[in-house]
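Listing of structure.txt; format and content: compact mmCIF, C-alpha atoms.
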```txt
# COMPACT_ATOMS: atom_id res chain seq x y z
CA MET O 1468 -21.09 -30.26 3.19
CA ARG O 1469 -21.02 -27.36 0.77
CA ASN O 1470 -24.62 -26.43 1.67
CA VAL O 1471 -23.72 -26.49 5.35
CA GLY O 1472 -20.81 -24.15 4.68
CA VAL O 1473 -23.03 -21.76 2.76
CA ALA O 1474 -25.59 -21.82 5.57
CA VAL O 1475 -22.94 -21.09 8.20
CA LEU O 1476 -21.52 -18.24 6.11
CA ALA O 1477 -25.01 -16.79 5.70
CA MET O 1478 -25.57 -16.96 9.47
CA VAL O 1479 -22.25 -15.23 10.17
CA LEU O 1480 -22.97 -12.45 7.68
CA SER O 1481 -26.48 -12.03 9.06
CA ALA O 1482 -25.17 -11.77 12.61
CA ALA O 1483 -22.52 -9.26 11.53
CA ALA O 1484 -25.12 -7.16 9.73
CA SER O 1485 -27.43 -7.19 12.76
CA ASN O 1486 -24.54 -6.19 15.01
CA ALA O 1487 -23.56 -3.41 12.62
CA LEU O 1488 -27.07 -1.98 12.69
CA ALA O 1489 -27.02 -1.97 16.48
CA GLN O 1490 -23.71 -0.11 16.62
CA ASP O 1491 -22.86 3.53 16.11
CA GLY O 1492 -21.16 4.11 12.76
CA GLN O 1493 -19.21 6.96 11.19
CA PHE O 1494 -17.70 7.86 7.84
CA PHE O 1495 -13.99 8.59 7.91
CA VAL O 1496 -11.20 10.14 5.85
CA ASN O 1497 -7.69 8.89 6.57
CA GLY O 1498 -4.42 10.24 5.21
CA ASN O 1499 -0.92 8.73 5.43
CA ILE O 1500 2.45 10.20 4.57
CA GLY O 1501 5.84 8.62 5.05
CA GLN O 1502 8.55 6.61 3.31
CA SER O 1503 8.38 3.63 0.97
CA ASN O 1504 11.06 1.06 0.28
CA PHE O 1505 11.00 -1.06 -2.92
CA SER O 1506 12.29 -4.63 -2.85
CA ALA O 1507 12.43 -4.98 -6.64
CA PRO O 1508 15.19 -7.13 -8.23
CA SER O 1509 18.41 -5.21 -8.78
CA TRP O 1510 19.00 -6.09 -12.46
CA GLY O 1511 22.70 -5.62 -11.76
CA ALA O 1512 22.45 -1.88 -11.09
CA MET O 1513 25.40 -0.39 -9.23
CA HIS O 1514 23.83 2.63 -7.56
CA LYS O 1515 20.47 2.02 -5.87
CA ASP O 1516 17.93 4.37 -4.31
CA ASN O 1517 15.00 2.19 -3.28
CA SER O 1518 13.30 4.72 -1.00
CA ASP O 1519 10.88 7.52 -1.79
CA THR O 1520 8.01 9.52 -0.34
CA TYR O 1521 4.84 7.51 0.23
CA GLY O 1522 1.29 8.84 0.51
CA ALA O 1523 -2.20 7.36 0.72
CA LEU O 1524 -5.72 8.73 1.12
CA ARG O 1525 -8.60 6.52 2.23
CA PHE O 1526 -12.34 7.07 2.63
CA GLY O 1527 -14.75 4.65 4.23
CA TYR O 1528 -17.28 3.76 6.89
CA ALA O 1529 -16.64 2.07 10.26
CA TRP O 1530 -18.94 0.69 12.92
CA ARG O 1531 -17.79 1.69 16.39
CA GLY O 1532 -17.44 -0.55 19.41
CA LYS O 1533 -14.72 -2.11 21.54
CA VAL O 1534 -13.49 -3.31 18.14
CA ASP O 1535 -14.29 -0.94 15.28
CA TYR O 1536 -14.58 -2.55 11.85
CA GLY O 1537 -15.31 -1.07 8.46
CA VAL O 1538 -14.68 -0.83 4.76
CA GLU O 1539 -12.31 1.48 2.91
CA ALA O 1540 -11.44 2.69 -0.55
CA GLY O 1541 -8.71 5.07 -1.59
CA TYR O 1542 -5.58 5.82 -3.57
CA ALA O 1543 -1.90 5.21 -2.79
CA ASP O 1544 1.24 6.58 -4.42
CA LEU O 1545 4.23 4.43 -3.47
CA GLY O 1546 6.79 6.67 -5.15
CA GLN O 1547 9.64 5.20 -7.20
CA PHE O 1548 13.03 3.54 -7.06
CA VAL O 1549 16.05 4.72 -9.08
CA ARG O 1550 19.02 2.61 -10.11
CA SER O 1551 21.95 3.60 -12.27
CA GLY O 1552 25.40 2.47 -13.25
CA THR O 1553 27.63 1.69 -16.19
CA TYR O 1554 28.02 -1.27 -18.49
CA THR O 1555 30.77 -2.37 -20.88
CA TYR O 1556 30.16 -3.04 -24.55
CA THR O 1557 32.21 -3.53 -27.70
CA ALA O 1558 32.39 -0.43 -29.87
CA ILE O 1559 32.36 -0.42 -33.69
CA ASN O 1560 36.14 -0.28 -33.72
CA GLY O 1561 36.23 -3.50 -31.68
CA GLN O 1562 37.48 -1.81 -28.55
CA PRO O 1563 35.66 -2.09 -25.18
CA ALA O 1564 33.74 0.99 -24.16
CA GLN O 1565 31.49 1.99 -21.29
CA ALA O 1566 28.11 3.68 -21.18
CA GLY O 1567 25.80 4.79 -18.40
CA TYR O 1568 22.30 3.50 -17.81
CA ARG O 1569 19.41 4.44 -15.58
CA GLU O 1570 16.39 2.40 -14.40
CA THR O 1571 13.34 3.73 -12.57
CA GLY O 1572 10.18 2.02 -11.38
CA SER O 1573 7.06 3.53 -9.85
CA ALA O 1574 3.74 2.27 -8.52
CA ARG O 1575 0.44 3.94 -7.69
CA GLY O 1576 -3.18 2.90 -7.76
CA TRP O 1577 -6.56 2.34 -6.11
CA LEU O 1578 -7.27 0.59 -2.82
CA LEU O 1579 -10.30 -1.44 -1.74
CA GLY O 1580 -10.44 -3.34 1.53
CA GLY O 1581 -11.49 -3.56 5.14
CA ASN O 1582 -10.10 -2.46 8.51
CA LEU O 1583 -10.20 -3.22 12.22
CA LYS O 1584 -9.38 -1.05 15.22
CA TYR O 1585 -9.09 -2.37 18.79
CA HIS O 1586 -9.28 0.08 21.72
CA PHE O 1587 -7.12 -1.71 24.28
CA ASP O 1588 -6.79 1.30 26.60
CA SER O 1589 -9.01 4.10 25.36
CA PRO O 1590 -8.08 6.48 23.80
CA TRP O 1591 -5.18 4.27 22.64
CA TYR O 1592 -5.78 1.72 19.89
CA VAL O 1593 -4.10 -0.74 17.54
CA SER O 1594 -5.33 -1.26 13.97
CA ALA O 1595 -5.13 -3.60 11.01
CA ARG O 1596 -6.29 -3.37 7.41
CA GLY O 1597 -6.09 -5.35 4.21
CA GLY O 1598 -7.51 -5.69 0.75
CA TRP O 1599 -6.63 -5.26 -2.91
CA PHE O 1600 -4.29 -2.73 -4.50
CA VAL O 1601 -5.03 -2.11 -8.19
CA ALA O 1602 -1.55 -0.90 -9.07
CA ARG O 1603 -0.22 0.82 -12.16
CA THR O 1604 3.49 -0.01 -12.25
CA THR O 1605 5.83 1.71 -14.69
CA PHE O 1606 9.43 0.77 -15.51
CA LYS O 1607 11.80 3.01 -17.47
CA PHE O 1608 15.22 1.88 -18.62
CA GLY O 1609 18.06 2.44 -21.08
CA PRO O 1610 21.16 4.56 -21.57
CA ASN O 1611 21.11 7.97 -19.92
CA GLY O 1612 18.79 10.26 -21.82
CA GLU O 1613 17.42 7.49 -24.06
CA GLN O 1614 14.72 5.86 -21.97
CA GLY O 1615 12.45 3.03 -23.00
CA SER O 1616 9.44 2.24 -20.86
CA SER O 1617 6.84 -0.40 -20.06
CA SER O 1618 3.84 -0.42 -17.73
CA GLN O 1619 1.18 -2.79 -16.47
CA THR O 1620 -1.88 -2.81 -14.19
CA ASN O 1621 -2.43 -5.66 -11.72
CA SER O 1622 -4.58 -6.35 -8.67
CA ARG O 1623 -2.42 -7.40 -5.73
CA PRO O 1624 -3.00 -7.72 -1.96
CA TYR O 1625 -2.02 -5.16 0.64
CA PHE O 1626 -2.16 -5.20 4.43
CA GLY O 1627 -1.14 -2.89 7.23
CA LEU O 1628 -0.70 -2.61 10.99
CA GLY O 1629 -0.72 0.50 13.11
CA ALA O 1630 -1.30 2.17 16.46
CA GLY O 1631 -2.72 5.53 17.41
CA TYR O 1632 -4.48 7.86 19.79
CA ASP O 1633 -7.99 9.34 19.66
CA LEU O 1634 -7.64 13.06 20.37
CA THR O 1635 -11.42 13.44 20.17
CA ARG O 1636 -14.32 11.27 19.09
CA SER O 1637 -13.86 12.66 15.58
CA PHE O 1638 -10.08 12.96 15.18
CA SER O 1639 -7.10 10.65 15.76
CA VAL O 1640 -3.41 10.43 14.89
CA GLY O 1641 -1.21 7.39 14.53
CA ALA O 1642 1.69 5.60 12.87
CA GLY O 1643 1.86 2.37 10.93
CA TYR O 1644 3.38 -0.07 8.49
CA ASP O 1645 1.88 -1.16 5.14
CA TYR O 1646 2.92 -3.95 2.79
CA TYR O 1647 2.02 -3.74 -0.91
CA SER O 1648 2.60 -6.68 -3.25
CA LEU O 1649 3.60 -5.72 -6.80
CA GLY O 1650 4.22 -9.14 -8.37
CA ASP O 1651 7.31 -10.99 -9.56
CA ASN O 1652 8.86 -8.15 -11.58
CA PHE O 1653 8.59 -5.46 -8.91
CA GLY O 1654 8.61 -7.50 -5.70
CA HIS O 1655 6.88 -5.60 -2.90
CA VAL O 1656 6.94 -2.27 -1.11
CA ASN O 1657 7.31 -1.67 2.62
CA ALA O 1658 5.80 1.67 3.65
CA TYR O 1659 6.17 3.43 7.02
CA SER O 1660 4.03 6.45 7.73
CA VAL O 1661 2.24 8.72 10.15
CA SER O 1662 -1.50 9.19 9.76
CA ALA O 1663 -4.41 11.42 10.65
CA GLU O 1664 -8.06 10.42 10.54
CA PHE O 1665 -11.21 12.54 10.64
CA ARG O 1666 -14.56 10.87 11.38
CA PHE O 1667 -17.99 12.37 10.74
```

Using the file provided, produce a representation of the structure as structure tokens.
Amino acid sequence: MRNVGVAVLAMVLSAAASNALAQDGQFFVNGNIGQSNFSAPSWGAMHKDNSDTYGALRFGYAWRGKVDYGVEAGYADLGQFVRSGTYTYTAINGQPAQAGYRETGSARGWLLGGNLKYHFDSPWYVSARGGWFVARTTFKFGPNGEQGSSSQTNSRPYFGLGAGYDLTRSFSVGAGYDYYSLGDNFGHVNAYSVSAEFRF
């Protein structure tokens, strides 16, 4: 059964490669800018600002047809969240006292994946993409002005959906939604953006 599966996979890849060679292809550069929203755990913070500016830049190659499909690589900066508040502790004199604290988290990293674009009513289209986000996440914490920090790098999935309009054969604009997984400690990020793509 395993050999049959390998043979079928090889046939599918061979057919896709043959179809790709028969189609017209183009390189592309795609840029997104918009707003991100972090879903990270609250850690009891009182004031929360989970939104920030989001940006991504992708470069790749797509084979054109009724359904375009291609590969992409790029870089995304998801911005950061900020949370602050106060906590109560027992002072040296035994009396309760309060102090402020501040927590921030940020994520940015490299993208590698694939994409699809369906022209349902040319020049209008809908699109989808997905792949791996190699994210560098950084968390800073502690009393105001006395920050500790920790960071880690993980590979997590991302995917996105969008719609747009081809102004010319080489240039299009659109809008979309992207989901970036950041793991248990940081949750995920929802990103909403407008985009522009140049093909050559």

ask   = What does the distance from atom CA of Val1593 of chain O to atom CA of Gly1629 of chain O come to in Å, to one decimal?
value =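 Interatomic distance, atom CA of Val1593 of chain O to atom CA of Gly1629 of chain O: 5.7 Å.
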
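Counting all atoms listed in the file, the residue from O:Gly1643, O:Gly1631, O:Pro1624, O:Gly1650 that sits nearest to His1586 of chain O is O:Gly1631.
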
query = How far is it from atom CA of Ser1573 of chain O to atom CA of Asp1519 of chain O, in Å with one decimal?
reply =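 Pair atom CA of Ser1573 of chain O / atom CA of Asp1519 of chain O returns 9.8 Å.
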
key: Length of the atom CA of Ser1639 of chain O to atom CA of Ser1503 of chain O vector [Å]   =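 These two atoms are separated by 22.5 Å.
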
Pick from O:Leu1578, O:Ala1595, O:Val1601, O:Leu1583 nearest to Gly1532 of chain O, counting only C-alpha atoms =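 Among the listed residues, the smallest separation from Gly1532 of chain O belongs to O:Leu1583.
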
inquiry  = Calculated over all atoms listed in the file, which of the candidates O:Tyr1556, O:Gly1498, O:Ala1602, O:Asn1582 has the smallest distance to Tyr1528 of chain O?
reply    =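 The shortest atom-to-atom distance to Tyr1528 of chain O comes from O:Asn1582.
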
remark   = For Gly1615 of chain O, the closest of O:Glu1570, O:Glu1664, O:Glu1539, O:Asp1588 counting all atoms listed in the file is O:Glu1570

ask   = Using all atoms listed in the file, which of the listed residues (O:Phe1638, O:Tyr1646, O:Phe1653, O:Trp1591) sits closest to Phe1626 of chain O?
value =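 Residue with the minimum atom-to-atom distance to Phe1626 of chain O: O:Tyr1646.
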
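Distance annotation: of O:Ala1663, O:Val1534, O:Leu1628, O:Val1656, the residue with the minimal separation from Gly1641 of chain O is O:Ala1663; atom set is only C-alpha atoms.
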
key: Surrounding residues of Asn1497 of chain O excluding itself and chain neighbours under 6 positions, 9 Å, all atoms listed in the file, as a ChimeraX atom specification   = /O:1523-1527,1662-1666
